[in-house]
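Structure file final-v5.txt (compact mmCIF, C-alpha atoms and all ligand atoms) is printed below.
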# COMPACT_ATOMS: atom_id res chain seq x y z
CA MET Q 24 -0.10 -11.83 13.29
CA ARG Q 25 2.60 -12.57 10.67
CA VAL Q 26 2.38 -9.96 7.95
CA LEU Q 27 3.81 -9.53 4.44
CA ILE Q 28 3.77 -6.14 2.67
CA ILE Q 29 4.25 -6.27 -1.10
CA GLY Q 30 6.05 -3.34 -2.72
CA SER Q 31 9.17 -1.23 -2.28
CA GLY Q 32 8.33 2.47 -2.22
CA GLY Q 33 7.59 5.23 0.27
CA ARG Q 34 4.02 3.96 0.64
CA GLU Q 35 5.23 0.51 1.71
CA SER Q 36 7.76 2.11 4.10
CA ALA Q 37 4.86 3.96 5.72
CA PHE Q 38 2.81 0.74 5.97
CA ALA Q 39 5.78 -1.00 7.59
CA TRP Q 40 6.25 1.86 10.07
CA SER Q 41 2.56 1.93 11.00
CA ILE Q 42 2.14 -1.84 11.30
CA SER Q 43 5.37 -2.27 13.24
CA LYS Q 44 3.74 -0.32 16.10
CA SER Q 45 0.86 -2.80 16.41
CA ARG Q 46 0.53 -4.96 19.49
CA SER Q 47 -0.96 -7.67 17.28
CA LEU Q 48 2.20 -7.97 15.20
CA GLU Q 49 4.30 -11.10 15.55
CA ALA Q 50 6.57 -10.82 12.49
CA LEU Q 51 6.78 -8.38 9.58
CA PHE Q 52 8.14 -9.07 6.08
CA CYS Q 53 8.39 -6.87 3.04
CA ALA Q 54 8.84 -8.02 -0.56
CA PRO Q 55 11.09 -6.68 -1.92
CA GLY Q 56 11.12 -3.66 0.45
CA ASN Q 57 13.91 -1.10 0.69
CA PRO Q 58 16.58 -0.05 3.24
CA GLY Q 59 13.88 1.78 5.23
CA THR Q 60 11.64 -1.27 5.57
CA ALA Q 61 14.75 -3.33 6.41
CA THR Q 62 14.97 -1.49 9.75
CA LEU Q 63 11.40 -2.55 10.65
CA ALA Q 64 10.86 -5.81 8.78
CA THR Q 65 12.65 -8.68 7.08
CA ASN Q 66 13.04 -7.85 3.40
CA LEU Q 67 12.49 -10.76 1.01
CA GLU Q 68 14.17 -10.56 -2.37
CA ILE Q 69 11.25 -11.56 -4.54
CA ASN Q 70 10.12 -10.56 -8.00
CA ILE Q 71 6.56 -9.52 -7.19
CA LYS Q 72 5.42 -10.30 -10.73
CA ASP Q 73 6.13 -13.97 -9.92
CA PHE Q 74 3.01 -15.08 -8.01
CA ASN Q 75 4.48 -18.52 -7.29
CA ALA Q 76 7.50 -16.89 -5.66
CA ILE Q 77 5.11 -14.92 -3.43
CA LYS Q 78 3.27 -18.13 -2.60
CA ARG Q 79 6.51 -19.90 -1.61
CA ALA Q 80 7.43 -16.97 0.68
CA VAL Q 81 3.98 -16.96 2.29
CA LEU Q 82 4.19 -20.68 3.04
CA GLU Q 83 7.81 -20.60 4.18
CA HIS Q 84 7.31 -17.67 6.57
CA LYS Q 85 3.81 -18.75 7.70
CA ILE Q 86 2.34 -15.39 6.63
CA GLU Q 87 -1.20 -14.79 7.89
CA LEU Q 88 -1.94 -11.41 6.26
CA VAL Q 89 -0.76 -10.02 2.90
CA ILE Q 90 -1.03 -6.30 2.07
CA VAL Q 91 -0.47 -5.29 -1.54
CA GLY Q 92 0.94 -1.79 -2.07
CA PRO Q 93 0.96 -1.24 -5.85
CA GLU Q 94 -1.93 -1.79 -8.28
CA GLU Q 95 -0.21 -3.90 -10.89
CA PRO Q 96 -0.26 -7.27 -9.09
CA LEU Q 97 -3.95 -6.69 -8.29
CA VAL Q 98 -4.87 -5.81 -11.87
CA ASN Q 99 -2.95 -8.95 -12.91
CA GLY Q 100 -4.99 -11.14 -10.56
CA LEU Q 101 -2.89 -11.67 -7.41
CA GLY Q 102 -6.11 -11.50 -5.35
CA ASP Q 103 -7.75 -14.24 -7.46
CA PHE Q 104 -4.56 -16.30 -7.21
CA PHE Q 105 -4.63 -16.19 -3.40
CA ARG Q 106 -8.35 -16.75 -3.04
CA SER Q 107 -8.45 -19.74 -5.36
CA ASP Q 108 -5.30 -21.57 -4.23
CA ASP Q 109 -5.91 -24.42 -1.76
CA GLN Q 110 -2.79 -23.61 0.25
CA LEU Q 111 -3.37 -19.84 0.29
CA LYS Q 112 -7.09 -19.38 0.57
CA ASP Q 113 -7.01 -19.03 4.35
CA THR Q 114 -4.32 -16.35 4.18
CA LEU Q 115 -5.92 -12.96 4.85
CA PHE Q 116 -5.46 -10.69 1.84
CA ILE Q 117 -5.86 -6.93 1.43
CA GLY Q 118 -6.61 -6.08 -2.20
CA PRO Q 119 -9.45 -6.70 -4.65
CA ASP Q 120 -9.67 -9.47 -7.21
CA ARG Q 121 -8.96 -8.77 -10.88
CA LYS Q 122 -12.57 -7.72 -11.51
CA GLY Q 123 -12.61 -5.13 -8.70
CA ALA Q 124 -9.15 -3.92 -9.73
CA GLN Q 125 -10.70 -2.87 -13.04
CA LEU Q 126 -11.85 0.25 -11.19
CA GLU Q 127 -8.25 1.36 -11.70
CA GLY Q 128 -7.22 -0.95 -14.56
CA SER Q 129 -9.83 0.34 -17.01
CA LYS Q 130 -11.03 3.95 -17.15
CA GLU Q 131 -14.01 2.82 -19.25
CA PHE Q 132 -15.02 0.23 -16.65
CA ALA Q 133 -14.79 2.88 -13.91
CA LYS Q 134 -16.88 5.37 -15.91
CA GLU Q 135 -19.55 2.75 -16.71
CA PHE Q 136 -19.64 1.77 -13.04
CA MET Q 137 -20.15 5.40 -11.96
CA GLU Q 138 -22.82 5.97 -14.59
CA LYS Q 139 -24.67 2.83 -13.54
CA TRP Q 140 -24.70 3.78 -9.86
CA SER Q 141 -25.25 7.54 -10.38
CA ILE Q 142 -21.93 8.52 -8.82
CA PRO Q 143 -21.05 12.11 -9.80
CA THR Q 144 -18.25 12.28 -12.39
CA ALA Q 145 -17.43 14.18 -15.59
CA SER Q 146 -19.63 13.24 -18.58
CA TYR Q 147 -17.73 11.10 -21.08
CA LYS Q 148 -17.70 8.79 -24.08
CA SER Q 149 -15.18 6.13 -25.01
CA PHE Q 150 -13.81 5.37 -28.47
CA ASN Q 151 -11.51 3.00 -30.33
CA LYS Q 152 -9.71 3.17 -33.65
CA SER Q 153 -12.81 2.35 -35.64
CA SER Q 154 -14.80 5.16 -34.03
CA ILE Q 155 -12.23 7.95 -34.44
CA LYS Q 156 -14.63 10.03 -36.58
CA GLU Q 157 -17.25 9.94 -33.80
CA ALA Q 158 -14.53 10.82 -31.29
CA GLU Q 159 -13.63 13.92 -33.29
CA LYS Q 160 -17.29 14.91 -33.43
CA PHE Q 161 -17.59 14.43 -29.67
CA LEU Q 162 -14.55 16.67 -29.11
CA GLU Q 163 -16.37 19.41 -31.01
CA THR Q 164 -19.23 19.28 -28.51
CA LEU Q 165 -16.83 19.99 -25.61
CA ARG Q 166 -15.08 23.13 -24.49
CA ALA Q 167 -11.32 23.45 -23.98
CA PRO Q 168 -9.35 22.12 -22.22
CA TYR Q 169 -9.95 18.55 -23.42
CA VAL Q 170 -9.41 15.49 -21.24
CA LEU Q 171 -8.21 12.33 -23.01
CA LYS Q 172 -7.53 9.16 -21.04
CA ALA Q 173 -5.97 5.91 -22.20
CA ASP Q 174 -8.31 3.17 -20.96
CA GLY Q 175 -5.66 0.87 -19.47
CA LEU Q 176 -2.76 1.22 -17.04
CA ALA Q 177 -0.10 3.53 -18.47
CA ALA Q 178 2.27 4.01 -15.53
CA GLY Q 179 0.38 7.14 -14.44
CA LYS Q 180 1.01 8.86 -17.77
CA GLY Q 181 -2.17 7.95 -19.66
CA VAL Q 182 -4.08 11.22 -19.11
CA VAL Q 183 -3.45 14.08 -21.52
CA ILE Q 184 -5.13 17.50 -21.28
CA PRO Q 185 -4.59 19.53 -24.47
CA ASP Q 186 -5.85 23.10 -24.33
CA ASN Q 187 -6.97 23.46 -27.94
CA ILE Q 188 -8.94 21.26 -30.29
CA ASP Q 189 -6.17 20.75 -32.87
CA ASP Q 190 -3.82 19.38 -30.22
CA ALA Q 191 -6.70 17.27 -28.87
CA ARG Q 192 -7.28 15.71 -32.33
CA ARG Q 193 -3.56 15.02 -32.77
CA GLU Q 194 -3.31 13.53 -29.30
CA LEU Q 195 -6.36 11.35 -29.87
CA SER Q 196 -4.94 9.83 -33.02
CA SER Q 197 -1.51 9.25 -31.50
CA MET Q 198 -3.10 7.54 -28.48
CA LEU Q 199 -5.19 5.30 -30.72
CA ASP Q 200 -2.04 4.65 -32.79
CA GLY Q 201 -0.29 3.13 -29.81
CA LYS Q 202 1.43 6.01 -27.99
CA PHE Q 203 0.64 4.19 -24.72
CA GLY Q 204 0.70 0.69 -26.21
CA LYS Q 205 -2.36 -1.49 -25.66
CA ALA Q 206 -3.51 0.78 -22.79
CA GLY Q 207 -4.62 3.27 -25.46
CA ASP Q 208 -6.61 0.85 -27.63
CA LYS Q 209 -9.61 2.59 -26.13
CA VAL Q 210 -9.63 6.27 -25.20
CA VAL Q 211 -12.06 7.93 -22.80
CA ILE Q 212 -12.80 11.57 -23.63
CA GLU Q 213 -14.45 13.54 -20.86
CA GLU Q 214 -15.65 16.93 -19.79
CA TYR Q 215 -13.05 19.07 -18.00
CA LEU Q 216 -13.92 19.71 -14.36
CA HIS Q 217 -12.95 23.03 -12.79
CA GLY Q 218 -12.13 22.91 -9.12
CA ILE Q 219 -9.58 21.86 -6.55
CA GLU Q 220 -8.45 18.25 -6.16
CA LEU Q 221 -8.15 16.00 -3.15
CA SER Q 222 -8.02 12.30 -2.42
CA VAL Q 223 -10.21 10.27 -0.11
CA PHE Q 224 -9.18 6.82 1.09
CA VAL Q 225 -11.53 4.06 2.12
CA LEU Q 226 -10.82 0.64 3.60
CA THR Q 227 -13.67 -1.78 2.90
CA ASP Q 228 -14.51 -5.42 3.48
CA GLY Q 229 -17.15 -5.29 0.75
CA LYS Q 230 -20.00 -4.37 3.13
CA ASP Q 231 -18.73 -1.86 5.66
CA TYR Q 232 -16.01 0.73 5.36
CA LEU Q 233 -13.68 3.02 7.30
CA ILE Q 234 -12.90 6.46 5.92
CA LEU Q 235 -9.20 7.18 6.41
CA PRO Q 236 -7.85 10.72 6.70
CA GLU Q 237 -8.11 12.56 3.36
CA ALA Q 238 -5.09 14.08 1.62
CA LYS Q 239 -4.02 16.36 -1.18
CA ASP Q 240 -0.95 15.62 -3.22
CA TYR Q 241 1.28 17.84 -5.32
CA LYS Q 242 1.70 16.23 -8.71
CA ARG Q 243 3.80 18.65 -10.73
CA ILE Q 244 7.58 18.81 -10.51
CA GLY Q 245 7.84 22.60 -10.15
CA ASP Q 246 6.81 25.14 -7.53
CA GLY Q 247 3.43 26.74 -8.17
CA ASP Q 248 2.23 23.51 -9.84
CA THR Q 249 4.31 23.97 -12.95
CA GLY Q 250 6.20 21.56 -15.21
CA LEU Q 251 5.80 17.85 -15.78
CA ASN Q 252 3.56 15.48 -13.87
CA THR Q 253 5.27 13.20 -11.35
CA GLY Q 254 4.17 10.39 -9.07
CA GLY Q 255 3.75 13.04 -6.37
CA MET Q 256 6.11 15.58 -4.79
CA GLY Q 257 4.38 16.05 -1.45
CA ALA Q 258 1.11 15.70 0.40
CA VAL Q 259 -0.92 17.25 3.17
CA SER Q 260 -3.55 15.77 5.47
CA PRO Q 261 -6.06 16.98 6.58
CA VAL Q 262 -7.10 19.11 3.62
CA PRO Q 263 -8.47 22.44 4.89
CA PHE Q 264 -11.25 22.74 2.29
CA ALA Q 265 -12.56 19.23 3.00
CA ASP Q 266 -14.78 20.34 5.85
CA GLU Q 267 -17.49 18.28 7.51
CA THR Q 268 -20.22 19.33 5.06
CA PHE Q 269 -18.08 18.43 2.06
CA MET Q 270 -16.97 15.11 3.54
CA LYS Q 271 -20.60 14.21 4.30
CA LYS Q 272 -21.42 14.75 0.60
CA VAL Q 273 -18.44 12.56 -0.33
CA GLU Q 274 -19.69 9.80 1.93
CA GLU Q 275 -23.36 9.96 0.84
CA ARG Q 276 -22.89 10.59 -2.89
CA ILE Q 277 -19.70 8.65 -3.54
CA ILE Q 278 -18.45 6.27 -0.86
CA LYS Q 279 -21.77 4.61 -0.01
CA PRO Q 280 -22.89 4.09 -3.64
CA THR Q 281 -19.41 2.84 -4.59
CA VAL Q 282 -19.30 0.15 -1.89
CA GLU Q 283 -22.96 -0.72 -2.47
CA GLY Q 284 -22.54 -0.76 -6.27
CA LEU Q 285 -19.59 -3.16 -6.06
CA LYS Q 286 -21.62 -5.44 -3.82
CA ARG Q 287 -24.68 -5.36 -6.07
CA ASP Q 288 -22.50 -6.02 -9.12
CA GLY Q 289 -21.31 -9.18 -7.38
CA ILE Q 290 -17.76 -7.89 -6.99
CA LYS Q 291 -16.32 -8.99 -3.64
CA TYR Q 292 -14.04 -6.11 -2.80
CA THR Q 293 -11.65 -6.27 0.14
CA GLY Q 294 -9.05 -3.56 0.37
CA PHE Q 295 -8.42 0.10 -0.23
CA ILE Q 296 -10.33 2.39 -2.55
CA PHE Q 297 -8.51 5.62 -3.31
CA ILE Q 298 -10.95 8.13 -4.72
CA GLY Q 299 -9.45 11.05 -6.64
CA LEU Q 300 -11.97 13.89 -6.36
CA MET Q 301 -12.57 17.34 -7.71
CA ASN Q 302 -14.26 19.80 -5.37
CA CYS Q 303 -16.33 21.83 -7.84
CA ALA Q 304 -17.80 24.76 -5.92
CA GLY Q 305 -18.44 22.57 -2.89
CA ASP Q 306 -19.70 19.47 -4.71
CA PRO Q 307 -17.51 16.37 -5.12
CA TYR Q 308 -16.97 14.65 -8.49
CA VAL Q 309 -14.89 11.52 -9.02
CA ILE Q 310 -11.87 11.95 -11.28
CA GLU Q 311 -10.55 8.45 -10.82
CA TYR Q 312 -10.55 5.38 -8.64
CA ASN Q 313 -7.40 3.56 -7.59
CA VAL Q 314 -7.44 0.19 -5.88
CA ARG Q 315 -4.55 0.91 -3.55
CA MET Q 316 -3.31 3.70 -1.33
CA GLY Q 317 -1.64 6.76 -2.86
CA ASP Q 318 2.05 7.54 -2.77
CA PRO Q 319 3.06 9.97 -1.18
CA GLU Q 320 -0.42 10.42 0.36
CA THR Q 321 0.02 7.29 2.51
CA GLU Q 322 3.08 8.86 4.14
CA ALA Q 323 0.87 11.76 5.34
CA VAL Q 324 -2.28 9.71 6.03
CA LEU Q 325 -0.94 6.83 8.16
CA PRO Q 326 0.81 9.07 10.74
CA ARG Q 327 -2.68 10.53 11.41
CA ILE Q 328 -4.23 7.17 12.31
CA LYS Q 329 -4.07 6.71 16.07
CA SER Q 330 -5.99 3.44 16.21
CA ASP Q 331 -4.26 0.17 15.31
CA LEU Q 332 -4.03 -0.09 11.51
CA LEU Q 333 -3.16 -3.78 11.63
CA VAL Q 334 -6.29 -4.54 13.64
CA HIS Q 335 -8.38 -2.64 11.04
CA LEU Q 336 -6.72 -4.55 8.19
CA VAL Q 337 -7.29 -7.93 9.79
CA ALA Q 338 -10.95 -7.02 10.40
CA ALA Q 339 -11.33 -5.91 6.76
CA ALA Q 340 -9.82 -9.13 5.43
CA ARG Q 341 -12.11 -11.18 7.69
CA GLY Q 342 -15.23 -9.25 6.65
CA GLU Q 343 -15.64 -7.83 10.15
CA LEU Q 344 -15.05 -4.14 9.56
CA GLY Q 345 -18.51 -3.23 10.91
CA SER Q 346 -17.19 -3.41 14.48
CA GLU Q 347 -14.15 -1.18 13.88
CA THR Q 348 -13.78 2.54 14.56
CA ILE Q 349 -10.91 4.59 13.29
CA VAL Q 350 -9.33 7.17 15.58
CA LYS Q 351 -7.66 10.08 13.82
CA ASP Q 352 -4.98 12.46 15.02
CA GLU Q 353 -6.39 15.97 14.56
CA ARG Q 354 -2.98 17.46 13.90
CA GLN Q 355 -1.72 18.49 10.49
CA ALA Q 356 0.59 16.12 8.61
CA MET Q 357 2.73 17.17 5.70
CA THR Q 358 5.01 15.08 3.50
CA LEU Q 359 7.85 16.31 1.34
CA VAL Q 360 9.39 14.10 -1.33
CA THR Q 361 13.02 14.54 -2.36
CA VAL Q 362 13.80 13.34 -5.87
CA SER Q 363 16.77 12.67 -8.13
CA GLY Q 364 17.94 15.57 -10.31
CA GLY Q 365 16.26 15.27 -13.72
CA TYR Q 366 13.19 13.33 -12.50
CA PRO Q 367 10.56 12.75 -13.93
CA GLU Q 368 12.72 12.56 -17.04
CA GLU Q 369 16.14 10.88 -17.23
CA TYR Q 370 18.13 10.87 -14.00
CA ALA Q 371 21.26 9.22 -12.65
CA LYS Q 372 21.27 6.83 -9.67
CA GLY Q 373 23.78 5.49 -7.18
CA PHE Q 374 24.62 8.71 -5.31
CA ILE Q 375 25.44 8.35 -1.62
CA ILE Q 376 22.81 9.86 0.69
CA ASN Q 377 24.21 11.63 3.74
CA GLY Q 378 22.60 13.29 6.73
CA LEU Q 379 19.73 10.86 7.35
CA ASP Q 380 20.74 10.34 10.96
CA GLU Q 381 20.48 14.10 11.53
CA LEU Q 382 16.69 14.00 10.95
CA LYS Q 383 15.11 14.51 14.36
CA GLU Q 384 11.57 15.87 14.28
CA VAL Q 385 10.23 14.05 11.23
CA ASN Q 386 9.34 10.55 10.07
CA LEU Q 387 11.69 9.39 7.34
CA PHE Q 388 10.24 6.98 4.76
CA HIS Q 389 12.64 5.52 2.22
CA ALA Q 390 11.33 5.32 -1.36
CA GLY Q 391 13.94 4.95 -4.15
CA THR Q 392 16.99 3.97 -2.11
CA LYS Q 393 19.20 0.92 -1.77
CA SER Q 394 22.08 -0.27 0.39
CA LEU Q 395 25.46 -0.52 -1.25
CA ASP Q 396 28.66 -1.39 0.63
CA GLY Q 397 27.15 -0.24 3.92
CA LYS Q 398 25.95 3.08 2.49
CA ILE Q 399 22.46 4.20 1.44
CA VAL Q 400 22.42 5.34 -2.18
CA THR Q 401 19.79 6.75 -4.53
CA ALA Q 402 18.03 4.10 -6.60
CA GLY Q 403 14.95 5.75 -8.08
CA GLY Q 404 13.28 8.99 -9.11
CA ARG Q 405 11.49 9.62 -5.84
CA VAL Q 406 14.16 8.99 -3.21
CA LEU Q 407 12.80 9.91 0.24
CA ALA Q 408 9.50 10.97 1.76
CA ILE Q 409 9.74 12.98 4.97
CA THR Q 410 6.68 13.68 7.11
CA ALA Q 411 6.13 16.26 9.83
CA LEU Q 412 3.19 16.53 12.21
CA GLY Q 413 2.30 19.92 13.66
CA ASN Q 414 -0.49 22.21 14.76
CA ASN Q 415 -0.95 23.78 11.35
CA ILE Q 416 0.46 23.94 7.84
CA GLU Q 417 2.93 26.71 8.60
CA CYS Q 418 4.33 24.78 11.52
CA CYS Q 419 4.78 21.64 9.37
CA ARG Q 420 6.43 23.67 6.63
CA GLN Q 421 8.93 25.10 9.08
CA ILE Q 422 9.84 21.70 10.49
CA LEU Q 423 10.11 20.02 7.08
CA TYR Q 424 12.19 22.63 5.34
CA ARG Q 425 14.51 23.00 8.33
CA GLU Q 426 15.04 19.25 8.59
CA VAL Q 427 15.41 18.49 4.89
CA SER Q 428 18.37 20.84 4.70
CA SER Q 429 20.49 18.21 6.44
CA VAL Q 430 19.83 15.59 3.72
CA ARG Q 431 22.54 15.60 1.07
CA TYR Q 432 22.99 13.70 -2.18
CA GLU Q 433 24.12 14.78 -5.61
CA GLY Q 434 21.28 16.35 -7.60
CA ILE Q 435 18.77 16.48 -4.70
CA TYR Q 436 15.61 18.39 -5.63
CA PHE Q 437 12.35 19.04 -3.79
CA ARG Q 438 9.51 21.52 -4.08
CA LYS Q 439 9.73 24.53 -1.81
CA ASP Q 440 6.00 25.27 -1.75
CA ILE Q 441 4.26 22.18 -0.37
CA GLY Q 442 1.20 23.34 1.58
CA SER Q 443 1.76 27.04 0.91
CA ASP Q 444 -1.32 27.30 -1.35
CA LEU Q 445 -3.48 26.04 1.53
CA GLN Q 446 -2.32 28.42 4.24
CA ASN Q 447 -5.15 30.87 3.66
CA TYR Q 448 -8.02 28.38 3.85
P1 LIG T 501 -6.10 10.53 -13.50
O1 LIG T 501 -4.96 9.67 -13.90
O2 LIG T 501 -7.44 10.11 -14.00
O3 LIG T 501 -6.05 10.89 -12.04
O4 LIG T 501 -5.81 11.97 -14.16
C1 LIG T 501 -4.60 12.64 -13.91
C2 LIG T 501 -4.89 14.09 -13.60
O5 LIG T 501 -5.56 14.71 -14.69
C3 LIG T 501 -5.83 14.29 -12.41
O6 LIG T 501 -5.15 14.25 -11.20
C4 LIG T 501 -6.40 15.65 -12.72
O7 LIG T 501 -5.51 16.66 -12.30
C5 LIG T 501 -6.48 15.68 -14.21
N1 LIG T 501 -7.84 15.30 -14.65
C6 LIG T 501 -8.30 14.06 -14.94
N2 LIG T 501 -9.58 14.10 -15.31
C7 LIG T 501 -9.96 15.40 -15.28
C8 LIG T 501 -11.17 16.09 -15.57
N3 LIG T 501 -12.25 15.46 -16.01
N4 LIG T 501 -11.18 17.43 -15.41
C9 LIG T 501 -10.09 18.10 -14.99
N5 LIG T 501 -8.92 17.51 -14.71
C10 LIG T 501 -8.85 16.17 -14.85
N1 LIG T 502 0.03 10.25 -5.72
C1 LIG T 502 -0.87 9.73 -6.65
C2 LIG T 502 -0.96 8.27 -6.72
O1 LIG T 502 -0.49 7.54 -5.87
O2 LIG T 502 -1.56 7.78 -7.68

Can the structure in the file be given as C-alpha cells, please?
Ligand code: AMP
Ligand code: GLY
Amino acid sequence: MRVLIIGSGGRESAFAWSISKSRSLEALFCAPGNPGTATLATNLEINIKDFNAIKRAVLEHKIELVIVGPEEPLVNGLGDFFRSDDQLKDTLFIGPDRKGAQLEGSKEFAKEFMEKWSIPTASYKSFNKSSIKEAEKFLETLRAPYVLKADGLAAGKGVVIPDNIDDARRELSSMLDGKFGKAGDKVVIEEYLHGIELSVFVLTDGKDYLILPEAKDYKRIGDGDTGLNTGGMGAVSPVPFADETFMKKVEERIIKPTVEGLKRDGIKYTGFIFIGLMNCAGDPYVIEYNVRMGDPETEAVLPRIKSDLLVHLVAAARGELGSETIVKDERQAMTLVTVSGGYPEEYAKGFIINGLDELKEVNLFHAGTKSLDGKIVTAGGRVLAITALGNNIECCRQILYREVSSVRYEGIYFRKDIGSDLQNY
C-alpha cells in the first residue's frame, strides 16, 4: 500500500510511526510533514489548502490511501473533492465529506444531531445577532458557570466559560460582534456539565466501527490545570475511571447512535470520530465531536494499538471494517508535550534543539520542529511529544520526566504533573 498522511504535527508523526511498522506498507509520504516524519516517510512540500496540489502528488506518487490529520481540509471539502474526481475516486480516503465534517465544523449542527438521535449532551439553545435579547433571557435560566460556544471553527479558541452572568452577557455580545470572525455569527449557549473529561476515538466505515483506546488530555498550560487553554500539554491512555461499565454506556448511548444516526441521515462517514465526553457521576455526556484524531491524544493512543493500524484503515476506507478486530496493549501510555516559552501566547522560534539522540526509553514524536542547516530547531508552540509505556502511571511519569531532562532548547517548558491527578484512581 502506498500511503499519504496529510498534516505536520505530533499527531501525524505518530501516524507515520505506527503505519511505518505495517507489513502492508509499500511507500509512505507525508505532506508537508516535519523532521520526525522525514525519518519514516518522504515529506512532500505541499500547501495542504491547495487541493489540486494534493491531487498532483497523489497521481505522481501513485498513492492508494490518504489519511487526513487536521480537520480544516475536511471541513473545506477535501473528502468531497477526492470522491467526486474521476482520477481520484478510487483512491482510498480516511476522512468524512464536508457534510459529516460539520459534526466538528458547526457546534449547532452537532447539537441538533445529538438532539435528533437522543445522544446525551448538555441542554442548549443557539442564537444570532437578531436574537440577542432571547439569548440574554436564556442565560438567566441557567446557573453559573455559563458555556458559550462560537458555532464555527475558531482554532480551538471558540469556547468561553464565564463564571458570572455579567461577564457572560459581555462575552455573548462580543462573540456576536465578531470576536471570532464569522465563526461567531451564531453562538451556542449550553448548560455547564460537572464531571471529569475524557476522549473516546472511533474509526468507522459508516456501518461498523472499531473503538480505539480512550485518552485524557491536559489542556491548560499550568500545573494543576491552571492558566490558559492550549492545544494539549500531555495525555494518558488508558484512563483509569473509564472502566468497562462506563465504556459500555459510551458504546450503547453514544457510539452506536452516532454511527447509526449518520447513516440514517444519509451522511456517508468514513474516518475517525473523536468524542469529547464528560463523565458525570458515571454517566457519559458528549461535550463535542471532532472529525479527526486528537493531538496529543494520538501520541498516547497509537502506541497502545498492537494490531496493524494500516490494515484497519484500509478496511475502513473500503467499507469492510466489520471483519476487523483491534488488539490493544494493556499497558499504560503517557505523553508529555514540550512547548516554546510563552506558548500559548507569543513565543519565539528557531532555537536549536539538543539532546534528542539521548532519548532511550520513549517514543519521540516531532510536532513544531524544522530542519535548518543540519540542525533541528523549534518552529511552533508545541515542539515535541514524548511517549512512555509502562505498567502504571507512576512508572510512566518516572520514565518521562527522567528522559525529558536531556532535551534542551531555549525557553523549553512542560507540565510537571501529567497523570499525577489520576494516580489514586
Ligand atoms: P470544546 O471546544 O467544545 O471541546 O470545549 C472546550 C472545553 O470547554 C472542553 O474541553 C470542556 O473542558 C469545556 N466545556 C465545553 N462544554 C462544556 C460544558 N457543557 N460543560 C462544562 N465544560 C464544558
Ligand atoms: N487535544 C485536543 C484536540 O486535539 O482537539

Name each residue within 6 Å of ligand LIG 501 (chain T), counting all atoms listed in the file, as a PyMOL selection string. chain Q and resi 145+170+179+182+213-216+310-311

For CA of Gly33 (chain Q) and CA of Met256 (chain Q), the interatomic separation in Å (one decimal):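 Calculated distance between CA of Gly33 (chain Q) and CA of Met256 (chain Q) is 11.6 Å.
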
Can you write out as a Markdown table which residues of chain Q fall within 8 Å of ligand LIG 502 (chain T), alongside each residue's closest atom pair and its distance in Å to one decimal, counting all atoms listed in the file and ordering rows by chain and ascending residue number?
| residue | atom | partner | partner_atom | distance |
| --- | --- | --- | --- | --- |
| Q:Gly179 | CA | T:LIG502 | O2 | 7.1 |
| Q:Asp240 | CA | T:LIG502 | N1 | 6.0 |
| Q:Tyr241 | CA | T:LIG502 | N1 | 7.7 |
| Q:Lys242 | CA | T:LIG502 | N1 | 6.9 |
| Q:Gly254 | CA | T:LIG502 | N1 | 5.3 |
| Q:Gly255 | CA | T:LIG502 | N1 | 4.7 |
| Q:Asn313 | CA | T:LIG502 | O2 | 7.2 |
| Q:Met316 | CA | T:LIG502 | O1 | 6.6 |
| Q:Gly317 | CA | T:LIG502 | O1 | 3.3 |
| Q:Asp318 | CA | T:LIG502 | O1 | 4.0 |
| Q:Pro319 | CA | T:LIG502 | N1 | 5.5 |
| Q:Glu320 | CA | T:LIG502 | N1 | 6.1 |

File of the preceding selection, C-alpha atoms, as a short mmCIF file (atom, residue, chain, number, x, y, z; two decimals), in the coordinates of the input:
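Wrote it out as selection.cif, contents follow:
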data_model
loop_
_atom_site.label_atom_id
_atom_site.label_comp_id
_atom_site.auth_asym_id
_atom_site.auth_seq_id
_atom_site.Cartn_x
_atom_site.Cartn_y
_atom_site.Cartn_z
CA GLY Q 179 0.38 7.14 -14.44
CA ASP Q 240 -0.95 15.62 -3.22
CA TYR Q 241 1.28 17.84 -5.32
CA LYS Q 242 1.70 16.23 -8.71
CA GLY Q 254 4.17 10.39 -9.07
CA GLY Q 255 3.75 13.04 -6.37
CA ASN Q 313 -7.40 3.56 -7.59
CA MET Q 316 -3.31 3.70 -1.33
CA GLY Q 317 -1.64 6.76 -2.86
CA ASP Q 318 2.05 7.54 -2.77
CA PRO Q 319 3.06 9.97 -1.18
CA GLU Q 320 -0.42 10.42 0.36
#

For region 414-427 of chain Q, work out the shell of residues within 10 Å, counting only C-alpha atoms and skipping chain neighbours fewer than 4 positions away, then give it as an NGL selection string. :Q and (259-263 or 353-361 or 378-379 or 381-386 or 409-410 or 431 or 437-447)

Using all atoms listed in the file, I'd like a table of the residues in region 105-217 of chain Q that come within 7 Å of region 93-98 of chain Q; for each, show the closest atom pair and its distance in Å rounded to one decimal, ordered by chain and ascending number, as JSON lines.
{"residue": "Q:Gly118", "atom": "CA", "partner": "Q:Leu97", "partner_atom": "CA", "distance": 6.7}
{"residue": "Q:Pro119", "atom": "CA", "partner": "Q:Leu97", "partner_atom": "CA", "distance": 6.6}
{"residue": "Q:Asp120", "atom": "CA", "partner": "Q:Leu97", "partner_atom": "CA", "distance": 6.5}
{"residue": "Q:Arg121", "atom": "CA", "partner": "Q:Val98", "partner_atom": "CA", "distance": 5.1}
{"residue": "Q:Ala124", "atom": "CA", "partner": "Q:Val98", "partner_atom": "CA", "distance": 5.1}
{"residue": "Q:Gln125", "atom": "CA", "partner": "Q:Val98", "partner_atom": "CA", "distance": 6.6}
{"residue": "Q:Gly128", "atom": "CA", "partner": "Q:Val98", "partner_atom": "CA", "distance": 6.0}

For those residues, write C-alpha atoms to a file as a PDB file, keeping the file's coordinate frame.
ATOM      1  CA  GLY Q 118      -6.610  -6.080  -2.200  1.00  0.00           C
ATOM      2  CA  PRO Q 119      -9.450  -6.700  -4.650  1.00  0.00           C
ATOM      3  CA  ASP Q 120      -9.670  -9.470  -7.210  1.00  0.00           C
ATOM      4  CA  ARG Q 121      -8.960  -8.770 -10.880  1.00  0.00           C
ATOM      5  CA  ALA Q 124      -9.150  -3.920  -9.730  1.00  0.00           C
ATOM      6  CA  GLN Q 125     -10.700  -2.870 -13.040  1.00  0.00           C
ATOM      7  CA  GLY Q 128      -7.220  -0.950 -14.560  1.00  0.00           C
TER       8      GLY Q 128
END
